[in-house]
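Peer 1: Quick one: the structure is below, questions incoming.
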Amino acid sequence: MKVLEKFFNKYEHLFLEGGKYEKYHPAYMALYTFMFTPAETTKKGAHIRDAVDLKRLMFVVVLALIPATIFGMWNVGYQYYHQAGTDFTNIDAFMYGFWKVLPMIIVSYVVGLGIEFYFAILRGHAVNEGYLVTGLLIPLIMPVSIPLWILALAVAFSVIIGKEVFGGTGMNIVNPALVARAFAFFAYPTFMSGNEVWIPKPEHADAYTGETILGALGQGQKIAHTWKDMFFGTIPGSIGETSVLMILIGAALLLFTKVASWRIMVSGFLGAALMAFIFNLWGANPLMQLPWWKHLLVGGLAFGIVFMATDPVTAAQTRKGKWIYGFFIGVFAILVRVFNPAYPEGVMLAILLMNVVAPTIDYYVVQANIKKRMKRLEKQTA
Amino acid sequence: MHKQVKISKGLNINLKGKPAHKIVDAPRSDKYVIKPTEFYGINPRLTVKPGDHVDAGNTLFYHKYNDRIKFTSPVSGTVEDIIRGEKRKILKIIIQADTTDTFKSFKTDKPEKLTKEQILNLLLDSGLFATIKQRPYDVIANPDDQPKAIFISLYDSAPLGVDYTFILKHKIKAFENGLKTVKKLTDGKVYLIVNGETVTDFHKISDVEIVKAFGPHPVGNVSVSIEQFEPIGKGDRIWTINPADVALIGDFFETGHYNPVRTIALAGSKVKEPMYYNIKTGADLSDFLKDKLTDDNVRIISGNVLTGSDITKDKTLNFYDNEISVIPLGNKNRFLGWMPFFAENRKSFYNFGLTSKELDLDANLFGEERAFVMNEEFEAVMPLDIYPVHLLKAALSGDVEKMEQLGILEVAPEDFALLDYISSSKIDTQEIIRKGLDIMQVEMG
């Protein structure tokens, strides 16, 4: 540690005002503050401060994503060997998936952080930690067979158009990770849906069935998976989304540390359950007939509600607003799922839609507070 | 039946170094320092120059825009120096104290025998009027205003808060006399906020509205009770006074002398023996503190750790404060200090362990400033019926109409102190609110 500290101190002058690499100061600070929480003391306001900062918050989210990531890697291998029909161990499955998924994660971080650093240097302000989470989320919501160049493009699009044009983390309107997915989904639909993208295709497979449950149901096919498959996650799908169990472990960490809002999670699942239940009563097609509780287990719903809807920047910002925001994400996710077979997963569109609506929800919540105050002021002056 | 105020939003920060219930007279300081910059919104015009001799209670300066508001010397002595800063702004008036005090005599009497106008004039001439602050804007009150009510909080719920019922126990006569005096200043009620969990002699004081407060900090802040009992309407003025100052006012009307001796808490983890001391406002504390701290790498604060001011360098007791807090400075970096679970943790991050264990917190910022991200975290420690992020953003953009609509007239910077503490983006919310209030005052006149 001392060595590292000396190393940083030795080169600091180059990045300070008047130094040779002055304009790269944000990059220097990003690396330094990653290694060391600075010695800086409070100058204004309260003299004591909580030890929580954005780095810690973001890292907690990354930790919460780890179970789903590791399981996702294993599942990629599991699905592959299962289709190939060869014998395999759990280690084989994990290692197969590991080598498939790791390049995606690397590409996502390298491209995304590269752009973040570039903008920070350009604007001369600090590198924000938001991308630590986004960088892991993006690969987890992609199909495993997506070409890396599409992934890189999607990352670039999401960081530049989804975030930086608005002024960086904290200013963006919609969830950057979902922007990446939406970009890939609409720009390269053949790589993002269908029955061949979710599992790496074995060379000599006879009966290749790599369709997701929702995709199969959308086409009126029967599904062979039990609720256990859905809950534990041994089904085809985007890398991180399949195991509800692993997602719930992550959710538990987020709630325990108060990093994510329990209001959004609860209301999100409530909204989805209610909508699915209504469709159960209607029951006009196989998607409507899927029992409401199974709707909560399949597709990206759980992953979306736990990790994407709760993004504090793009969610509603008032407590009351969060209830409404989460509830409608659940409702719209199921609605899109059932009514629009072209989009077999509705949660992405539901969250993007509610991200856009969130400021309006807040506006009305805050407006109610303002009205109450104005009424009181009038009463007193009258 | 007593009135009650109960809140659940807020946060108690349990710090090490709580003062023992023991009072010792501090030795008299050689020097006393008055800092006009402490009196927010006051433009000082001096009435003394270096070399002048003053008695305790003699005017040192007055407010340029309202010459009735005077500021007086806490001791008798010789004006040694007047320190100025940029644009000749007066920073400090330093007085070399006499060995014993001579007092300027004021013609005071029992408050019952005085009119409101007489009381006001005595308070103004003695400099004690500066202890009265007003809402909205949280600045020194205007003597021409008619306050709707007066709020006094005996309950300091802040970390290492002063136990006013202890320090005023022996001054309860003066305190009651002070209450009678300030009561004459309003046609409305005088509210006295007390800790609802305790029973003291102060709960029995008659002729005032006793408010029993229950819940975490900031329940002792007057804003919480004002919102509930006397919400501020257009043009309303509420006056607030610290209870220690009420006792000073009572003492002044009893004796006719301005003698601002305070019982202050010397608290914090860096104090060898945290306890209470009798000490005069403005006292230079350099000698006093010398052997009382465990080491030198500290932050010395006049006031509490959330709202006080840094006096590490100039070491003088500020006019409004009844406490000196001393905490570790914490000016060291921490390897991977952002690591959750392994590195230092200070709160509510995991919802438990904060209230039961005494924490030894330093003045480290613990991160770098960022844009608003965790937008909802503020709501958990804001008991007032306002939306803090929206109000802060309105204040940042200087939007007068929005600020008023969102309730800035009901708050003081101190109500945002906990937001400073918990902010993961390290945003100085108290400063933003202070600036917002300044803009409002200029715009609304």
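Labels used: A, B, ... for chains in the order of the structure tokens, numbers from 1 for residues in each chain, and numbers from 1 for ligands as shown.
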May I have the residues of chain B within 7 Å of chain A, counting only C-alpha atoms, written as a PyMOL selection string?

Peer 2: chain B and resi 233-234+305-307+330-340+344-347+349-350+361-367+371-376+405-406+417+420-422+424-425+428+430-431

Peer 1: Going by DSSP on the backbone, which residues of region 177-326 of chain A come out as alpha helix (DSSP H)? List them as number ranges by chain.

Peer 2: A: 177-187, 189-192, 213-218, 227-232, 244-256, 262-282, 286-289, 292-297, 301-303, 319-326

Peer 1: Would you please work out which residue, of A:Leu113, A:Met354, A:Leu140, A:Ile121, is nearest to Lys23 (chain A) when using only C-alpha atoms?

Peer 2: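 Under the stated criterion, the closest residue is A:Ile121.
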
Peer 1: Rounded to one decimal, what separation in Å do you get between CA of Pro291 (chain A) and CA of Phe279 (chain A)?

Peer 2: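 Between these atoms lies a distance of 9.0 Å.
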
Peer 1: Which value, in Å to one decimal, gives the distance between CA of Tyr32 (chain B) and CA of Asp52 (chain B)?

Peer 2: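 One can read the CA of Tyr32 (chain B) to CA of Asp52 (chain B) distance as 14.5 Å.
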
Peer 1: Under the rule that only C-alpha atoms are counted, which of A:Ile264, A:Ala350, A:Gly124, A:Pro103 is the nearest residue to Phe15 (chain A)?

Peer 2: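 The answer is A:Gly124, which sits nearest to Phe15 (chain A).
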
Peer 1: Could you tell me which of A:Met246, A:Ile199, A:Val165, A:Ala187 comes closest to Pro143 (chain A) if we count only C-alpha atoms?

Peer 2: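 Among A:Met246, A:Ile199, A:Val165, A:Ala187, it is A:Ile199 that comes nearest to Pro143 (chain A).
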
Peer 1: Within 8 Å of Ile238 (chain B), counting only C-alpha atoms, which residues qualify if same-chain residues fewer than 5 places away don't, as a list in words?

Peer 2: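 Final neighbour list, sorted by chain and number: Gln134, Arg135, Pro136, Pro147, Lys148, Ala149, Ile150, Phe151 and Ile232 of chain B.
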
Peer 1: May I have the residues within 8 Å of Pro67 (chain A) as a list of chain:residue names, using only C-alpha atoms and disregarding those fewer than 6 positions away in the same chain?

Peer 2: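 So, after excluding close chain neighbours, the residues are A:Met246, A:Ile247, A:Ile249, A:Gly250.
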
Peer 1: Kindly provide the residues of region 130-191 of chain B that approach region 311-319 of chain B to within 12 Å, each paired with its closest atom pair and their distance in Å to one decimal, based on only C-alpha atoms, listed by chain and increasing number, as a tab-separated table.

Peer 2:
```
residue	atom	partner	partner_atom	distance
B:Ala130	CA	B:Phe319	CA	9.2
B:Thr131	CA	B:Phe319	CA	8.4
B:Ile132	CA	B:Phe319	CA	11.9
```

Peer 1: Produce a file of the selected residues containing C-alpha atoms, as a PDB file, in the first residue's frame.

Peer 2:
```pdb
ATOM      1  CA  ALA B 130     -28.961  39.568  18.312  1.00  0.00           C
ATOM      2  CA  THR B 131     -29.822  36.306  20.066  1.00  0.00           C
ATOM      3  CA  ILE B 132     -33.309  36.453  18.559  1.00  0.00           C
TER       4      ILE B 132
END
```

Peer 1: Just the residues within 8 Å of Lys18 (chain B), please, counting only C-alpha atoms, with nothing from its chain fewer than 6 positions along; format it as a list in words.

Peer 2: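 Residues near the query, excluding close chain neighbours: Leu160, Ala267, Gly268, Pro274 and Met275 of chain B.
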
Peer 1: To one decimal place, how far is CA of Phe61 (chain B) from CA of Ser286 (chain B) in Å?

Peer 2: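 Between CA of Phe61 (chain B) and CA of Ser286 (chain B) the gap is 25.2 Å.
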
Peer 1: Which neighbours of region 85-102 of chain B fall inside 6 Å, counting only C-alpha atoms, when residues of the same chain fewer than 3 positions from it are skipped, and could you give them as a list in words?

Peer 2: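 My reading of the contact set: Asp30, Lys31, Tyr32, Val33, Ile34, Lys35, Asp55, Ser76, Gly77, Thr78, Val79, Glu80, Asp81 and Ile82 of chain B.
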
Peer 1: Which residues, written as a PyMOL selection string, have at least one atom at most 9 Å from Glu227 (chain B), with only C-alpha atoms counted and residues fewer than 5 positions away on the same chain left out?

Peer 2: chain B and resi 222+232+384-385+410

Peer 1: Those residues you just picked out, can you put them in a file as an mmCIF file, in the first residue's frame with N, CA and C atoms?

Peer 2:
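In the end it all went to part-v2.cif:
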```cif
data_model
loop_
_atom_site.group_PDB
_atom_site.id
_atom_site.type_symbol
_atom_site.label_atom_id
_atom_site.label_comp_id
_atom_site.auth_asym_id
_atom_site.auth_seq_id
_atom_site.Cartn_x
_atom_site.Cartn_y
_atom_site.Cartn_z
ATOM 1 N N VAL B 222 -36.408 23.594 15.989
ATOM 2 C CA VAL B 222 -37.679 24.303 16.104
ATOM 3 C C VAL B 222 -38.550 24.154 14.850
ATOM 4 N N ILE B 232 -45.801 28.644 8.877
ATOM 5 C CA ILE B 232 -45.507 30.009 8.454
ATOM 6 C C ILE B 232 -46.297 30.358 7.204
ATOM 7 N N LEU B 384 -39.734 17.145 7.813
ATOM 8 C CA LEU B 384 -40.659 18.194 7.384
ATOM 9 C C LEU B 384 -41.376 17.769 6.113
ATOM 10 N N ASP B 385 -42.567 18.342 5.906
ATOM 11 C CA ASP B 385 -43.364 17.969 4.744
ATOM 12 C C ASP B 385 -42.885 18.716 3.506
ATOM 13 N N GLU B 410 -40.037 27.679 5.262
ATOM 14 C CA GLU B 410 -40.274 26.932 6.499
ATOM 15 C C GLU B 410 -39.010 26.290 7.066
#
```
